[in-house]
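First up is the structure itself, then whatever we jot down about it.
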Amino acid sequence: MACSATAKIIHNPLLLSSSRSAEKSDSCCKMLGPSSFLGSTSMSKKLVSVNKGASRVSRRSANVVAVSSDVVKEKKLKSSSAASSLLITKEEGLVLYEDMVLGRAFEDMCAQMYYRGKMFGFVHLYNGQEAVSTGFIKLLKKEDCVVSTYRDHVHALSKGVPAREVMSELFGKTTGCCRGQGGSMHMFSKEHNLLGGFAFIGEGIPVATGAAFTSKYKREVLKEDCDEVTLAFFGDGTCNNGQFFECLNMAALWKLPIVFVVENNLWAIGMSHLRATSDPQIWKKGPAFGMPGVHVDGMDVLKVREVANEAIARARRGEGPTLVECETYRFRGHSLADPDELRDPAEKAHYATRDPITALKKYILENNLASEAELKAIEKKIDEVVEDAVEFADESPVPARSQLLENVFADPRGFGIGPDGKYRCEDPKFTEGTAQV
Ligand SMILES: Cc1ncc(C[n+]2csc(CCOP(=O)(O)OP(=O)(O)O)c2C)c(N)n1
Ligand SMILES: [Mg+2]
């Protein structure tokens with residue numbers, strides 16, 4: 001099989017069903033030895049693509065594969081002796097570090113505020129998964145779109161929604177990015193092209209596919225100057241949902257500019273990924289639809305970034321979608337209401353040692369990209385940003401009761417507005433459930 005010059009990270013779909021045929025015949029695909037993928041000892045083999053052209057696959061640790069990009073390889077860092085092997089500049093490293101520290105500090109503060117009764121409903125935190133959000137979203141332009149899930153605060157922050165607006169949304173205040181009407185699971189910002197957090201799993205994938213279709217339509221039919229890309233984030237559990245497959249099909253068929261980013265944290269609430277899916281290697285489902293599938297260590301922001309760079313560039317060039325499976329881990333329970341008693345403490349301890357922020361810090365310091373003092377200064381700045389966000393949210397006004405039924409797609413004559421023309425929610429008994437509705 002010949003490697004396409006453009007499909008830098010593609011696998012031959014035909015070879016995926018048979019590891020033996022892959023071993024024999026493909027010069028673009030290579031078998032790696034037994035992998036401890038997803039903590040499973042039963043998963044014995046893994047296919048990875050090797051591009052013989054500008055791109056290459058590197059193996060920097062036992063079971064991790066990342067695809068090097070031209071962009072990264074071209075970077076020459078003159079200030080350091082080991083410059084040519086560095087994956088990031090100082091400026092890039094500090095941007096990544098700041099974004100990840102912001103994500104972590106913000107979520108830790110959310111936990112405090114939730115337990116103090118400042119937030120309502122379910123709140124799902126992102127601790128541990130920061131390398132995925134940062135590794136992908138920090139490569140985007142403002143015009144590019146992001147679609148998230150209920151675990152969406154950090155995606156919003158990475159996309160540039162101010163911490164004040166995200167915190168206020170969580171507090172249900174008018175200054176929130178959805179005027180307090182969305183809450184934790186429904187972050188949205190038109191300005192930042194954050195097309196929503198979605199509470200139903202898989203619900204965001206068709207929305208993202210539609211956004212990518214819009215970009216393609218603008219470019220090819222309306223002849224607009226548009227190379228926008230959409231990133232769809234979702235979890236491992238969601239990949240067993242039909243919408244995932246339908247959208248992979250459509251995106252591949254129409255070569256849409258989208259990257260499907262699976263945040264495989266090994267669990268769907270209390271259901272282990274290994275128990276829930278016929279083939280735990282989600283990335284394999286990309287080639288089945290004719291698009292590249294890549295597995296990357298989602299606890300390493302630099303590896304995520306390399307893969308993201310390739311996939312985003314491919315989408316921007318009009319070469320179609322990519323499925324990226326990021327192997328990651330959440331450091332907290334499914335939501336703040338989850339006692340998190342089902343996951344093995346040994347598993348949690350293992351991933352705790354792979355904290356993506358600690359790993360990036362180590363890389364930055366060991367490669368003299370920045371000093372300890374510079375990183376401390378970033379941490380201090382972020383603490384202030386988060387404190388400020390809380391103060392801002394706390395002092396912001398709650399929405400008027402009349403806002404309660406805005407954007408509700410139900411006939412207001414039947415429910416929202418009474419015969420007197422007033423919103424029924426204005427009736428003080430409305431929230432007690434005793435109003436005459
Ligand atoms: C359509 C639908 N079915 C069921 C649920 C209940 N539910 C909420 S979270 C979740 C697990 C999702 O796991 P995963 O996709 O791995 O995401 P993670 O929470 O690990 O980030 C389920 C089944 C839902 N929200 N939507
Ligand atoms: Mg999961």
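Here's how to read the names in the structure tokens: chain A, B, ... by the order shown, residue numbers from 1 in each chain, ligand numbers from 1 in the order shown.
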
Just want the residues within 8 Å of ligand 1, written as a PDB file with N, CA and C atoms, in the first residue's frame, counting only C-alpha atoms and all ligand atoms.
```pdb
ATOM      1  N   HIS A 124     -19.155  18.658  36.980  1.00  0.00           N
ATOM      2  CA  HIS A 124     -18.172  17.628  36.593  1.00  0.00           C
ATOM      3  C   HIS A 124     -16.824  18.307  36.369  1.00  0.00           C
ATOM      4  N   THR A 149     -18.637  18.783  26.330  1.00  0.00           N
ATOM      5  CA  THR A 149     -19.619  17.935  27.014  1.00  0.00           C
ATOM      6  C   THR A 149     -20.046  18.655  28.292  1.00  0.00           C
ATOM      7  N   TYR A 150     -20.558  17.882  29.253  1.00  0.00           N
ATOM      8  CA  TYR A 150     -20.865  18.472  30.562  1.00  0.00           C
ATOM      9  C   TYR A 150     -19.583  18.759  31.345  1.00  0.00           C
ATOM     10  N   ARG A 151     -18.448  18.210  30.892  1.00  0.00           N
ATOM     11  CA  ARG A 151     -17.160  18.463  31.588  1.00  0.00           C
ATOM     12  C   ARG A 151     -16.469  19.589  30.833  1.00  0.00           C
ATOM     13  N   ALA A 199     -25.173  18.117  27.906  1.00  0.00           N
ATOM     14  CA  ALA A 199     -25.354  17.187  29.022  1.00  0.00           C
ATOM     15  C   ALA A 199     -25.660  15.772  28.565  1.00  0.00           C
ATOM     16  N   PHE A 200     -26.355  15.657  27.445  1.00  0.00           N
ATOM     17  CA  PHE A 200     -26.594  14.307  26.927  1.00  0.00           C
ATOM     18  C   PHE A 200     -25.336  13.857  26.196  1.00  0.00           C
ATOM     19  N   ILE A 201     -24.897  12.665  26.505  1.00  0.00           N
ATOM     20  CA  ILE A 201     -23.636  12.248  25.887  1.00  0.00           C
ATOM     21  C   ILE A 201     -23.848  12.016  24.387  1.00  0.00           C
ATOM     22  N   GLY A 202     -22.878  12.448  23.619  1.00  0.00           N
ATOM     23  CA  GLY A 202     -22.942  12.312  22.163  1.00  0.00           C
ATOM     24  C   GLY A 202     -23.720  13.423  21.487  1.00  0.00           C
ATOM     25  N   GLU A 203     -24.437  14.212  22.276  1.00  0.00           N
ATOM     26  CA  GLU A 203     -25.305  15.253  21.725  1.00  0.00           C
ATOM     27  C   GLU A 203     -24.509  16.332  20.984  1.00  0.00           C
ATOM     28  N   PHE A 234     -15.274  14.599  23.500  1.00  0.00           N
ATOM     29  CA  PHE A 234     -16.230  13.712  24.180  1.00  0.00           C
ATOM     30  C   PHE A 234     -15.465  12.542  24.796  1.00  0.00           C
ATOM     31  N   GLY A 235     -16.176  11.750  25.592  1.00  0.00           N
ATOM     32  CA  GLY A 235     -15.507  10.718  26.377  1.00  0.00           C
ATOM     33  C   GLY A 235     -15.558   9.334  25.753  1.00  0.00           C
ATOM     34  N   ASP A 236     -14.869   8.416  26.402  1.00  0.00           N
ATOM     35  CA  ASP A 236     -14.822   7.021  25.938  1.00  0.00           C
ATOM     36  C   ASP A 236     -16.216   6.388  25.931  1.00  0.00           C
ATOM     37  N   GLY A 237     -16.984   6.631  27.002  1.00  0.00           N
ATOM     38  CA  GLY A 237     -18.320   6.036  27.090  1.00  0.00           C
ATOM     39  C   GLY A 237     -19.199   6.479  25.935  1.00  0.00           C
ATOM     40  N   THR A 238     -18.984   7.683  25.488  1.00  0.00           N
ATOM     41  CA  THR A 238     -19.782   8.262  24.407  1.00  0.00           C
ATOM     42  C   THR A 238     -19.519   7.571  23.070  1.00  0.00           C
ATOM     43  N   CYS A 239     -18.384   6.933  22.962  1.00  0.00           N
ATOM     44  CA  CYS A 239     -18.034   6.277  21.681  1.00  0.00           C
ATOM     45  C   CYS A 239     -18.829   5.002  21.440  1.00  0.00           C
ATOM     46  N   ASN A 241     -22.031   5.220  21.505  1.00  0.00           N
ATOM     47  CA  ASN A 241     -23.312   5.849  21.194  1.00  0.00           C
ATOM     48  C   ASN A 241     -23.426   6.028  19.678  1.00  0.00           C
ATOM     49  N   GLU A 263     -11.640  11.888  24.832  1.00  0.00           N
ATOM     50  CA  GLU A 263     -10.908  11.974  26.097  1.00  0.00           C
ATOM     51  C   GLU A 263     -11.182  10.665  26.822  1.00  0.00           C
ATOM     52  N   ASN A 264     -10.346   9.691  26.554  1.00  0.00           N
ATOM     53  CA  ASN A 264     -10.562   8.379  27.146  1.00  0.00           C
ATOM     54  C   ASN A 264      -9.965   8.349  28.542  1.00  0.00           C
ATOM     55  N   ASN A 265     -10.823   8.618  29.527  1.00  0.00           N
ATOM     56  CA  ASN A 265     -10.360   8.593  30.920  1.00  0.00           C
ATOM     57  C   ASN A 265     -10.661   7.247  31.570  1.00  0.00           C
ATOM     58  N   LEU A 266     -10.951   6.266  30.759  1.00  0.00           N
ATOM     59  CA  LEU A 266     -11.116   4.859  31.153  1.00  0.00           C
ATOM     60  C   LEU A 266     -12.432   4.547  31.860  1.00  0.00           C
ATOM     61  N   TRP A 267     -13.201   5.564  32.171  1.00  0.00           N
ATOM     62  CA  TRP A 267     -14.436   5.338  32.922  1.00  0.00           C
ATOM     63  C   TRP A 267     -15.581   6.175  32.357  1.00  0.00           C
ATOM     64  N   ALA A 268     -16.765   5.580  32.403  1.00  0.00           N
ATOM     65  CA  ALA A 268     -18.001   6.308  32.115  1.00  0.00           C
ATOM     66  C   ALA A 268     -18.834   6.209  33.386  1.00  0.00           C
ATOM     67  N   ILE A 269     -18.802   7.226  34.187  1.00  0.00           N
ATOM     68  CA  ILE A 269     -19.282   7.211  35.579  1.00  0.00           C
ATOM     69  C   ILE A 269     -18.607   6.014  36.268  1.00  0.00           C
ATOM     70  N   MET A 271     -18.664   2.821  35.046  1.00  0.00           N
ATOM     71  CA  MET A 271     -18.494   1.715  34.099  1.00  0.00           C
ATOM     72  C   MET A 271     -17.106   1.776  33.470  1.00  0.00           C
ATOM     73  N   HIS A 273     -14.275   1.320  30.919  1.00  0.00           N
ATOM     74  CA  HIS A 273     -14.236   1.301  29.447  1.00  0.00           C
ATOM     75  C   HIS A 273     -13.988  -0.119  28.927  1.00  0.00           C
ATOM     76  N   ARG A 330      -9.285  11.071  34.962  1.00  0.00           N
ATOM     77  CA  ARG A 330      -9.789  12.164  35.805  1.00  0.00           C
ATOM     78  C   ARG A 330      -9.382  11.891  37.249  1.00  0.00           C
ATOM     79  N   HIS A 334     -16.715  11.181  39.112  1.00  0.00           N
ATOM     80  CA  HIS A 334     -17.399  11.573  37.877  1.00  0.00           C
ATOM     81  C   HIS A 334     -17.956  12.992  37.987  1.00  0.00           C
TER      82      HIS A 334
END
```

(request) Extract, using only C-alpha atoms, all DNA, RNA and protein residues at most 9 Å from A:Leu102, discarding same-chain residues fewer than 3 positions from it, and format them as a list in words. (result)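 Near neighbours after the sequence-gap exclusion: Tyr97, Glu98, Asp99, Ala105, Phe106, Glu107, Val154, Leu157, Ser158, Ala163, Glu379, Ile382, Asp383, Val385 and Val386 of chain A.
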
Can those selected residues be exported to a file as a PDB file, in the first residue's frame so that it contains N, CA and C atoms?
```pdb
ATOM      1  N   TYR A  97       1.659  26.029  30.049  1.00  0.00           N
ATOM      2  CA  TYR A  97       1.703  25.882  31.510  1.00  0.00           C
ATOM      3  C   TYR A  97       0.610  26.731  32.162  1.00  0.00           C
ATOM      4  N   GLU A  98       0.507  27.961  31.722  1.00  0.00           N
ATOM      5  CA  GLU A  98      -0.481  28.863  32.317  1.00  0.00           C
ATOM      6  C   GLU A  98      -1.901  28.323  32.107  1.00  0.00           C
ATOM      7  N   ASP A  99      -2.163  27.834  30.903  1.00  0.00           N
ATOM      8  CA  ASP A  99      -3.514  27.343  30.627  1.00  0.00           C
ATOM      9  C   ASP A  99      -3.844  26.120  31.481  1.00  0.00           C
ATOM     10  N   ALA A 105      -6.548  25.083  38.778  1.00  0.00           N
ATOM     11  CA  ALA A 105      -6.894  25.962  39.909  1.00  0.00           C
ATOM     12  C   ALA A 105      -8.381  26.313  39.863  1.00  0.00           C
ATOM     13  N   PHE A 106      -8.882  26.512  38.654  1.00  0.00           N
ATOM     14  CA  PHE A 106     -10.294  26.861  38.503  1.00  0.00           C
ATOM     15  C   PHE A 106     -11.167  25.714  39.019  1.00  0.00           C
ATOM     16  N   GLU A 107     -10.830  24.507  38.621  1.00  0.00           N
ATOM     17  CA  GLU A 107     -11.645  23.360  39.026  1.00  0.00           C
ATOM     18  C   GLU A 107     -11.550  23.113  40.531  1.00  0.00           C
ATOM     19  N   VAL A 154     -13.152  23.756  31.549  1.00  0.00           N
ATOM     20  CA  VAL A 154     -11.757  23.984  31.155  1.00  0.00           C
ATOM     21  C   VAL A 154     -11.636  24.182  29.638  1.00  0.00           C
ATOM     22  N   LEU A 157     -12.352  27.763  29.220  1.00  0.00           N
ATOM     23  CA  LEU A 157     -11.217  28.610  29.615  1.00  0.00           C
ATOM     24  C   LEU A 157     -10.121  28.564  28.555  1.00  0.00           C
ATOM     25  N   SER A 158      -9.795  27.372  28.082  1.00  0.00           N
ATOM     26  CA  SER A 158      -8.741  27.261  27.054  1.00  0.00           C
ATOM     27  C   SER A 158      -9.136  28.034  25.804  1.00  0.00           C
ATOM     28  N   ALA A 163     -12.350  33.695  32.917  1.00  0.00           N
ATOM     29  CA  ALA A 163     -12.671  32.927  34.125  1.00  0.00           C
ATOM     30  C   ALA A 163     -13.855  33.542  34.873  1.00  0.00           C
ATOM     31  N   GLU A 379       1.808  30.727  38.572  1.00  0.00           N
ATOM     32  CA  GLU A 379       0.862  30.111  39.520  1.00  0.00           C
ATOM     33  C   GLU A 379       0.202  31.190  40.387  1.00  0.00           C
ATOM     34  N   ILE A 382      -2.368  33.103  38.396  1.00  0.00           N
ATOM     35  CA  ILE A 382      -3.592  32.311  38.186  1.00  0.00           C
ATOM     36  C   ILE A 382      -4.429  32.263  39.467  1.00  0.00           C
ATOM     37  N   ASP A 383      -3.755  32.131  40.601  1.00  0.00           N
ATOM     38  CA  ASP A 383      -4.500  32.158  41.877  1.00  0.00           C
ATOM     39  C   ASP A 383      -5.315  33.440  41.969  1.00  0.00           C
ATOM     40  N   VAL A 385      -6.345  35.311  39.453  1.00  0.00           N
ATOM     41  CA  VAL A 385      -7.417  35.283  38.438  1.00  0.00           C
ATOM     42  C   VAL A 385      -8.624  34.506  38.981  1.00  0.00           C
ATOM     43  N   VAL A 386      -8.342  33.392  39.630  1.00  0.00           N
ATOM     44  CA  VAL A 386      -9.428  32.540  40.113  1.00  0.00           C
ATOM     45  C   VAL A 386     -10.130  33.194  41.309  1.00  0.00           C
TER      46      VAL A 386
END
```

(message) Here is a test: counting only C-alpha atoms and all ligand atoms, which residue of A:Glu327, A:Glu310, A:Glu387, A:Glu143 is nearest to ligand 2?
(response) A:Glu327

(request) Would you return as an MDAnalysis selection string the members of stretch 186-366 of chain A that DSSP assigns to alpha helix (DSSP H) on this structure's backbone? (result) chainID A and resid 204:220 242:253 273:276 285:288 301:316 345:352 356:366

Selection file, C-alpha atoms, as a short mmCIF file (atom, residue, chain, number, x, y, z; two decimals), in the first residue's frame:
```cif
data_model
loop_
_atom_site.label_atom_id
_atom_site.label_comp_id
_atom_site.auth_asym_id
_atom_site.auth_seq_id
_atom_site.Cartn_x
_atom_site.Cartn_y
_atom_site.Cartn_z
CA GLY A 204 -22.52 17.64 20.84
CA ILE A 205 -21.00 15.48 18.11
CA PRO A 206 -23.66 16.24 15.48
CA VAL A 207 -23.52 19.91 16.43
CA ALA A 208 -19.77 19.89 15.83
CA THR A 209 -20.25 18.03 12.56
CA GLY A 210 -22.76 20.66 11.51
CA ALA A 211 -20.32 23.44 12.38
CA ALA A 212 -17.64 21.76 10.29
CA PHE A 213 -20.14 21.43 7.45
CA THR A 214 -20.81 25.17 7.70
CA SER A 215 -17.11 25.91 7.27
CA LYS A 216 -16.90 23.67 4.24
CA TYR A 217 -20.05 25.14 2.73
CA LYS A 218 -18.75 28.66 3.20
CA ARG A 219 -15.49 27.79 1.55
CA GLU A 220 -16.66 25.63 -1.31
CA GLY A 242 -24.80 5.84 17.70
CA GLN A 243 -24.31 9.53 17.03
CA PHE A 244 -20.57 9.03 17.17
CA PHE A 245 -20.67 6.53 14.31
CA GLU A 246 -23.13 8.50 12.22
CA CYS A 247 -20.99 11.59 12.46
CA LEU A 248 -17.75 9.80 11.69
CA ASN A 249 -19.41 8.54 8.55
CA MET A 250 -20.69 11.93 7.45
CA ALA A 251 -17.47 13.73 8.30
CA ALA A 252 -15.38 11.26 6.32
CA LEU A 253 -17.83 11.18 3.43
CA HIS A 273 -14.24 1.30 29.45
CA LEU A 274 -12.80 -2.20 29.15
CA ARG A 275 -16.11 -3.74 30.22
CA ALA A 276 -18.27 -1.52 28.06
CA LYS A 285 -12.74 3.30 14.51
CA GLY A 286 -11.35 6.19 12.48
CA PRO A 287 -9.77 4.06 9.75
CA ALA A 288 -12.93 1.96 9.64
CA VAL A 301 0.60 17.95 26.66
CA LEU A 302 3.52 18.02 24.24
CA LYS A 303 2.53 14.74 22.64
CA VAL A 304 -1.10 15.79 22.50
CA ARG A 305 0.00 19.03 20.89
CA GLU A 306 1.99 17.30 18.20
CA VAL A 307 -0.88 15.07 17.24
CA ALA A 308 -3.33 17.97 17.46
CA ASN A 309 -1.11 20.06 15.23
CA GLU A 310 -1.19 17.42 12.50
CA ALA A 311 -4.90 16.79 12.75
CA ILE A 312 -5.87 20.48 12.82
CA ALA A 313 -3.55 21.29 9.91
CA ARG A 314 -5.01 18.41 7.93
CA ALA A 315 -8.55 19.68 8.55
CA ARG A 316 -7.52 23.24 7.65
CA PRO A 345 -7.00 3.12 44.54
CA ALA A 346 -3.94 1.60 42.84
CA GLU A 347 -5.18 2.81 39.47
CA LYS A 348 -5.79 6.28 40.86
CA ALA A 349 -2.35 6.33 42.45
CA HIS A 350 -0.74 5.25 39.19
CA TYR A 351 -2.27 8.09 37.23
CA ALA A 352 -1.58 10.57 40.02
CA PRO A 356 0.27 16.36 33.24
CA ILE A 357 1.08 19.66 34.92
CA THR A 358 3.95 18.20 36.91
CA ALA A 359 5.24 16.58 33.72
CA LEU A 360 5.22 19.83 31.77
CA LYS A 361 6.85 21.68 34.64
CA LYS A 362 9.62 19.07 34.68
CA TYR A 363 10.12 19.41 30.92
CA ILE A 364 10.31 23.19 31.12
CA LEU A 365 12.79 23.19 33.98
CA GLU A 366 14.98 20.37 32.69
#
```

(request) Select from stretch 166-360 of chain A everything DSSP, run on the backbone, classes as strand (DSSP E or B), then give the selection as a count of residues only. (result) 30

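Excluding A:Phe122 and any residue on its chain fewer than 6 positions from it, the residues at most 12 Å away by only C-alpha atoms are Cys110, Ala111, Tyr114, Tyr115, Tyr150, Arg151, Leu170, Gly182, Gly183, Ser184, Met185, His186, Ala199, Gly333, His334, Ser335, Leu336, Ala337 and Asp338 of chain A.
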
Those same residues - N, CA and C atoms - I'd like them written as a PDB file, in the first residue's frame.
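Generated file (result_38.pdb):
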```pdb
ATOM      1  N   CYS A 110     -13.820  25.414  42.051  1.00  0.00           N
ATOM      2  CA  CYS A 110     -15.212  24.987  41.850  1.00  0.00           C
ATOM      3  C   CYS A 110     -15.627  23.990  42.932  1.00  0.00           C
ATOM      4  N   ALA A 111     -14.732  23.060  43.236  1.00  0.00           N
ATOM      5  CA  ALA A 111     -15.061  22.065  44.264  1.00  0.00           C
ATOM      6  C   ALA A 111     -15.371  22.769  45.585  1.00  0.00           C
ATOM      7  N   TYR A 114     -18.714  24.613  45.296  1.00  0.00           N
ATOM      8  CA  TYR A 114     -19.837  23.668  45.235  1.00  0.00           C
ATOM      9  C   TYR A 114     -20.191  23.209  46.647  1.00  0.00           C
ATOM     10  N   TYR A 115     -19.173  22.826  47.396  1.00  0.00           N
ATOM     11  CA  TYR A 115     -19.446  22.323  48.745  1.00  0.00           C
ATOM     12  C   TYR A 115     -19.883  23.439  49.691  1.00  0.00           C
ATOM     13  N   TYR A 150     -20.558  17.882  29.253  1.00  0.00           N
ATOM     14  CA  TYR A 150     -20.865  18.472  30.562  1.00  0.00           C
ATOM     15  C   TYR A 150     -19.583  18.759  31.345  1.00  0.00           C
ATOM     16  N   ARG A 151     -18.448  18.210  30.892  1.00  0.00           N
ATOM     17  CA  ARG A 151     -17.160  18.463  31.588  1.00  0.00           C
ATOM     18  C   ARG A 151     -16.469  19.589  30.833  1.00  0.00           C
ATOM     19  N   LEU A 170     -21.401  29.388  36.553  1.00  0.00           N
ATOM     20  CA  LEU A 170     -21.535  28.317  37.543  1.00  0.00           C
ATOM     21  C   LEU A 170     -22.326  28.769  38.770  1.00  0.00           C
ATOM     22  N   GLY A 182     -27.390  28.670  31.743  1.00  0.00           N
ATOM     23  CA  GLY A 182     -26.871  27.374  31.311  1.00  0.00           C
ATOM     24  C   GLY A 182     -26.323  26.553  32.461  1.00  0.00           C
ATOM     25  N   GLY A 183     -25.521  27.201  33.308  1.00  0.00           N
ATOM     26  CA  GLY A 183     -24.910  26.482  34.422  1.00  0.00           C
ATOM     27  C   GLY A 183     -23.723  25.645  33.972  1.00  0.00           C
ATOM     28  N   SER A 184     -23.295  24.799  34.885  1.00  0.00           N
ATOM     29  CA  SER A 184     -22.043  24.054  34.700  1.00  0.00           C
ATOM     30  C   SER A 184     -21.957  23.292  33.381  1.00  0.00           C
ATOM     31  N   MET A 185     -23.051  22.652  32.975  1.00  0.00           N
ATOM     32  CA  MET A 185     -22.955  21.718  31.841  1.00  0.00           C
ATOM     33  C   MET A 185     -23.221  22.365  30.491  1.00  0.00           C
ATOM     34  N   HIS A 186     -23.487  23.669  30.494  1.00  0.00           N
ATOM     35  CA  HIS A 186     -23.904  24.291  29.226  1.00  0.00           C
ATOM     36  C   HIS A 186     -23.151  25.579  28.937  1.00  0.00           C
ATOM     37  N   ALA A 199     -25.173  18.117  27.906  1.00  0.00           N
ATOM     38  CA  ALA A 199     -25.354  17.187  29.022  1.00  0.00           C
ATOM     39  C   ALA A 199     -25.660  15.772  28.565  1.00  0.00           C
ATOM     40  N   GLY A 333     -13.925  12.277  41.221  1.00  0.00           N
ATOM     41  CA  GLY A 333     -15.060  11.434  40.851  1.00  0.00           C
ATOM     42  C   GLY A 333     -15.733  11.945  39.589  1.00  0.00           C
ATOM     43  N   HIS A 334     -16.715  11.181  39.112  1.00  0.00           N
ATOM     44  CA  HIS A 334     -17.399  11.573  37.877  1.00  0.00           C
ATOM     45  C   HIS A 334     -17.956  12.992  37.987  1.00  0.00           C
ATOM     46  N   SER A 335     -18.621  13.246  39.089  1.00  0.00           N
ATOM     47  CA  SER A 335     -19.091  14.610  39.379  1.00  0.00           C
ATOM     48  C   SER A 335     -18.800  14.864  40.853  1.00  0.00           C
ATOM     49  N   LEU A 336     -19.101  16.068  41.296  1.00  0.00           N
ATOM     50  CA  LEU A 336     -18.814  16.356  42.705  1.00  0.00           C
ATOM     51  C   LEU A 336     -19.788  15.641  43.634  1.00  0.00           C
ATOM     52  N   ALA A 337     -20.814  15.016  43.066  1.00  0.00           N
ATOM     53  CA  ALA A 337     -21.745  14.236  43.885  1.00  0.00           C
ATOM     54  C   ALA A 337     -21.343  12.757  43.927  1.00  0.00           C
ATOM     55  N   ASP A 338     -20.250  12.418  43.252  1.00  0.00           N
ATOM     56  CA  ASP A 338     -19.831  11.011  43.150  1.00  0.00           C
ATOM     57  C   ASP A 338     -18.810  10.696  44.240  1.00  0.00           C
TER      58      ASP A 338
END
```

(message) For a quick check of understanding, using only C-alpha atoms and all ligand atoms, which of A:Glu325, A:Asp279, A:Glu224, A:Asp108 has the smallest distance to ligand 2?
(response) A:Glu325

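Distance check against A:Asn368 using only C-alpha atoms: of A:Thr230, A:Thr89, A:Ser402, A:Ser278, the minimum falls on A:Thr89.
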
(request) Kindly indicate which residue among A:Val390, A:Val262, A:Leu404, A:Val101 lies nearest to ligand 2, using only C-alpha atoms and all ligand atoms for the distances. (result)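 Among A:Val390, A:Val262, A:Leu404, A:Val101, it is A:Val262 that comes nearest to ligand 2.
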
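Minimum distance to ligand 2 across A:Leu375, A:Asp344, A:Gln129, A:Lys159 (counting only C-alpha atoms and all ligand atoms) occurs at A:Gln129.
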
(message) Could you tell me how far atom CA of A:Pro257 sits from atom CA of A:Gly290, in Å to one decimal place?
(response) 14.3 Å

(request) Can you work out which one of A:Lys255, A:Gly270, A:Glu228, A:Pro292 has the shortest atom-to-atom distance to ligand 2, counting only C-alpha atoms and all ligand atoms? (result) A:Gly270

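Close contacts of A:His153, defined as residues with an atom at most 8 Å away when counting only C-alpha atoms, with chain neighbours fewer than 5 positions off set aside, comprise Gly103, Glu107, Leu125, Tyr126, Val166, Ser184 and Met187 of chain A.
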
(message) Rounded to one decimal, what separation in Å do you get between atom CA of A:Met100 and atom CA of A:Leu256?
(response)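 Separation of atom CA of A:Met100 and atom CA of A:Leu256: 29.0 Å.
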
(request) Quick one: pull the distance between atom CA of A:Thr277 and atom CA of A:Gly298, Å, one decimal. (result)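 Interatomic distance, atom CA of A:Thr277 to atom CA of A:Gly298: 19.7 Å.
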